[in-house]
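Engineer: Starting off with a structure, shown below.
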Amino acid sequence: MKALLEKHFGKAWLALVYLFLYLPLFFMVIFSFNSTRQDANFTGFSLRWYEALTRDTKIVEGFWLSVKVAAVTGVLSAVLGTFAAFVLVRYRRFAGRTVFSGMVNAPLVMPEVVIGLSLLLLMVGAQNAFGWPERGLLTIIFGHTLLGMSYGMVVIQSRLMDMDRSIEEAAMDLGARPHEVFFLITLPNIFQGILAAFLLSFTLSFDDVVISEFLSGPGVNTLPQVIFGYARRGINPSIYAAATLLIAAVTIVIVSYSVWVARQTRRREREIAAATRAELAALATSG
Amino acid sequence: MDSHFPMPGKRFVIGVPYVWLFVFFFLPFLILLYISFVDMGESINPFKPIWDPQTGILSLKYENYWTIFRDGEGGALFKTIYIEAYLRSIWYALWTALLCLLIGYPFAYFIARSPASVRPALLMMVMLPFWTSFLLRVYAWKGILADQGVLNQILMGVGIISEPIQMLYTNVSMLVGMTYVYLPFMVLPLYANLVKMDFRLLEAAYDLGTTPFKAFWLVTVPLSKAGIIAGFMLVFIPAVGEFVIPSLLGGPENIMIGRVVWDEMFTSNNWPRATALAVVMIALIIVPLAVYYHFTGDAAEPRK
């Protein structure tokens, strides 16, 4: 009886919390197809907010700017995150390791307002001293990459720690040069982590408001900045339409990534199984 | 390990991220600290140099910090709008962490106890909203909680209330938004902790005649202490500095410290005060973090 109660209570609790987590998403998807500006009553199906979205130059420009910023941030973060993860996992002892590990972890806990403000001060200082960089695309990328690198590092670090180092040693014993070991053995092994780091920092960048607000220049607005500006003014169903498109895109990317990971894992298991079988067969014939 | 495993360009591998972090993390922080100790500038200069241009004497100015804690010369201590904003931020962050724990603990517990085959899918469903725009999800609550919004319409339709209650721009909308956004940060560490737990310990407790509630309280909760602390910190720390949620869902009386820093910087153009407020904010984050490492430090490092 008690077990039964716990079982049903558990299911009910899970259902309620999932409902809470997905309620805003359902809400936006449904009302993006509403025929009027109304927020509480669904008055009829229409695509007018999607049409309005494509005609809104601020949103369209913001979108392309955000895509550019996020793509560059994603690549830079994945590369720098790989470097940082390597340093932390492989180089156990060097001067300034504690400082390094502190600096690379700090952006994870620093309030975004503080990161944005201090980077703004740096950019203003640099601009006064060297006349560069102009506030805009580049400065936003710098800011986002600072954050993205730290998150990327965490993801790649765990991958790198799980990796079996004996295969690297085996490659070395078989005469592979260190850079060959890295590109042929290490990199493919942690590639899943690097891809995850890219996706994570791309998303962080594509979603960020605070750092962009501090670092963007006049007339340069990322998509979240445009939406944030609209959102403070009131209800605009075009934003729901943008959200719906985003939800669709994210779902597609996440599902394909998981399918890819699952397929990789299965292929690997198959290869290991095949190799084991071959070895057993060889042992059987030789013995 | 390094000695018998030579990697080329160790200096290069360390140097690249080091230089990056030095330029984009350490240097900005030094500038922040520097400006917090100088006076406001005249005309177009946002701040004065730390030395007197005539005499060349260096002098730190503590006024920026004093004005945070004291209202005017000889005024009462800790009764300033800044202290209020800090306290309000901590208050909201604590409530958010508490609500996330109350909702998230049973949630993580039931996921951890569900069959191993469905767990990845359940976790994925927690993460999925997290990958879609945080800003848009917060914005959606604005439509849900509005006076003429869906929730009020439903409550009136059911007959629980006869006229709309104001939820938007109040503590209600603030805490709903904050709890909503930070819930995954609580659930994931709790799940990671609970899934490793040996549930046979609970059965042992039952066999010895303990009631389920008592067993939960005396066995499960103490064993998941590390997860609770980790989740609490992961929610509390970013929640203190939250900027977007109060701007969208809060009213004028729900302003948190992040917004105050922004206003000092861009509305009042008082750079020294904005930076001093930011430095105090960092201190505010470091204290709970130190407590956290104190509790988890020995658990994280392998015991010898």
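Numbering starts fresh at 1 for the residues of each chain in the structure tokens, the chains themselves are lettered A, B, ... in the order given, and ligands are numbered from 1 as they appear.
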For range 199-211 of chain B, please output as a list in words all residues within 9 Å (counting only C-alpha atoms; exclusion window: fewer than 5 positions along the same chain).

Structural biologist: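 Listing them by chain and then by number gives Arg113, Phe216, Val219 and Thr220 of chain B.
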
Engineer: Which residues of chain A are close to chain B, meaning at most 6 Å apart when you count only C-alpha atoms, and how do they look as a VMD selection string?

Structural biologist: chain A and resid 10 14 24 40 83 to 84 87 111 114 118 to 119 122 207 232 247

Engineer: List the spatial neighbours of Leu147 in chain A as a count of residues only - criterion: any atom at most 9 Å away, only C-alpha atoms, same-chain residues fewer than 6 positions off excluded.

Structural biologist: 7

Engineer: Just asking: which residues within range 208-279 of chain B are alpha helix (DSSP H) according to DSSP, as an MDAnalysis selection string?

Structural biologist: chainID B and resid 212:215 221:223 225:240 244:249 257:266 271:279

Engineer: Keeping only C-alpha atoms, write the selected residues to a file as an mmCIF file, in the first residue's frame.

Structural biologist:
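For reference, out.cif as written:
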data_model
loop_
_atom_site.group_PDB
_atom_site.id
_atom_site.type_symbol
_atom_site.label_atom_id
_atom_site.label_comp_id
_atom_site.auth_asym_id
_atom_site.auth_seq_id
_atom_site.Cartn_x
_atom_site.Cartn_y
_atom_site.Cartn_z
ATOM 1 C CA PRO B 212 9.158 5.472 5.364
ATOM 2 C CA PHE B 213 9.200 9.114 6.393
ATOM 3 C CA LYS B 214 11.669 8.519 9.195
ATOM 4 C CA ALA B 215 13.827 6.357 6.937
ATOM 5 C CA VAL B 221 18.670 13.028 3.299
ATOM 6 C CA PRO B 222 21.969 12.714 5.221
ATOM 7 C CA LEU B 223 23.442 10.604 2.413
ATOM 8 C CA LYS B 225 24.006 16.137 1.844
ATOM 9 C CA ALA B 226 26.742 16.821 -0.735
ATOM 10 C CA GLY B 227 24.166 17.024 -3.532
ATOM 11 C CA ILE B 228 21.962 19.361 -1.515
ATOM 12 C CA ILE B 229 24.844 21.729 -0.792
ATOM 13 C CA ALA B 230 26.050 21.652 -4.403
ATOM 14 C CA GLY B 231 22.558 22.348 -5.738
ATOM 15 C CA PHE B 232 21.972 25.112 -3.238
ATOM 16 C CA MET B 233 25.199 26.858 -4.252
ATOM 17 C CA LEU B 234 24.594 26.388 -7.977
ATOM 18 C CA VAL B 235 21.245 28.139 -7.542
ATOM 19 C CA PHE B 236 22.151 30.714 -4.934
ATOM 20 C CA ILE B 237 25.303 32.109 -6.548
ATOM 21 C CA PRO B 238 23.934 33.044 -9.992
ATOM 22 C CA ALA B 239 20.595 34.056 -8.461
ATOM 23 C CA VAL B 240 22.221 36.791 -6.354
ATOM 24 C CA VAL B 244 17.141 39.783 -16.533
ATOM 25 C CA ILE B 245 14.389 38.258 -14.368
ATOM 26 C CA PRO B 246 13.880 41.320 -12.111
ATOM 27 C CA SER B 247 13.891 43.523 -15.222
ATOM 28 C CA LEU B 248 11.113 41.513 -16.883
ATOM 29 C CA LEU B 249 9.056 40.076 -14.030
ATOM 30 C CA ILE B 257 21.849 44.583 -7.021
ATOM 31 C CA GLY B 258 22.755 43.718 -10.620
ATOM 32 C CA ARG B 259 20.316 46.335 -11.828
ATOM 33 C CA VAL B 260 21.664 48.892 -9.330
ATOM 34 C CA VAL B 261 25.198 48.413 -10.701
ATOM 35 C CA TRP B 262 23.842 48.901 -14.231
ATOM 36 C CA ASP B 263 21.999 52.088 -13.278
ATOM 37 C CA GLU B 264 25.022 53.583 -11.485
ATOM 38 C CA MET B 265 27.127 52.852 -14.558
ATOM 39 C CA PHE B 266 24.843 54.008 -17.349
ATOM 40 C CA TRP B 271 31.877 54.586 -12.651
ATOM 41 C CA PRO B 272 33.728 54.517 -9.315
ATOM 42 C CA ARG B 273 30.545 53.720 -7.390
ATOM 43 C CA ALA B 274 29.406 51.110 -9.938
ATOM 44 C CA THR B 275 32.779 49.343 -9.677
ATOM 45 C CA ALA B 276 32.776 49.497 -5.864
ATOM 46 C CA LEU B 277 29.304 47.930 -5.856
ATOM 47 C CA ALA B 278 30.592 45.210 -8.200
ATOM 48 C CA VAL B 279 33.594 44.504 -5.961
#

Engineer: Hey, can you check how far CA of Glu213 in chain A sits from CA of Met256 in chain B?

Structural biologist: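 CA of Met256 in chain B lies at a distance of 17.1 Å from CA of Glu213 in chain A.
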
Engineer: Near Val172 in chain B, counting only C-alpha atoms, which residues have an atom at most 12 Å away, once you skip same-chain residues fewer than 2 positions from it, shown as a VMD selection string?

Structural biologist: chain B and resid 92 95 to 96 141 to 142 145 to 146 165 to 170 174 to 180 246 249 to 251 254

Engineer: If you measure from CA of Tyr22 in chain A to CA of Leu245 in chain A, what distance in Å do you get, rounded to one decimal?

Structural biologist: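 Spanning CA of Tyr22 in chain A to CA of Leu245 in chain A is a straight-line distance of 15.7 Å.
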
Engineer: Please list as number ranges by chain every residue within 6 Å of range 154-167 of chain A, counting only C-alpha atoms and excluding residues in the same chain fewer than 5 positions away.

Structural biologist: A: 85, 190, 193-194

Engineer: Write to file, as a compact mmCIF listing (two decimals), in the first residue's frame, the residues of the selection just made, with C-alpha atoms.

Structural biologist:
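Output below, filename out.txt:
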# COMPACT_ATOMS: atom_id res chain seq x y z
CA ALA A 85 41.24 21.27 -20.26
CA ILE A 190 37.60 13.70 -26.96
CA GLY A 193 33.33 16.58 -25.70
CA ILE A 194 34.63 19.26 -28.06
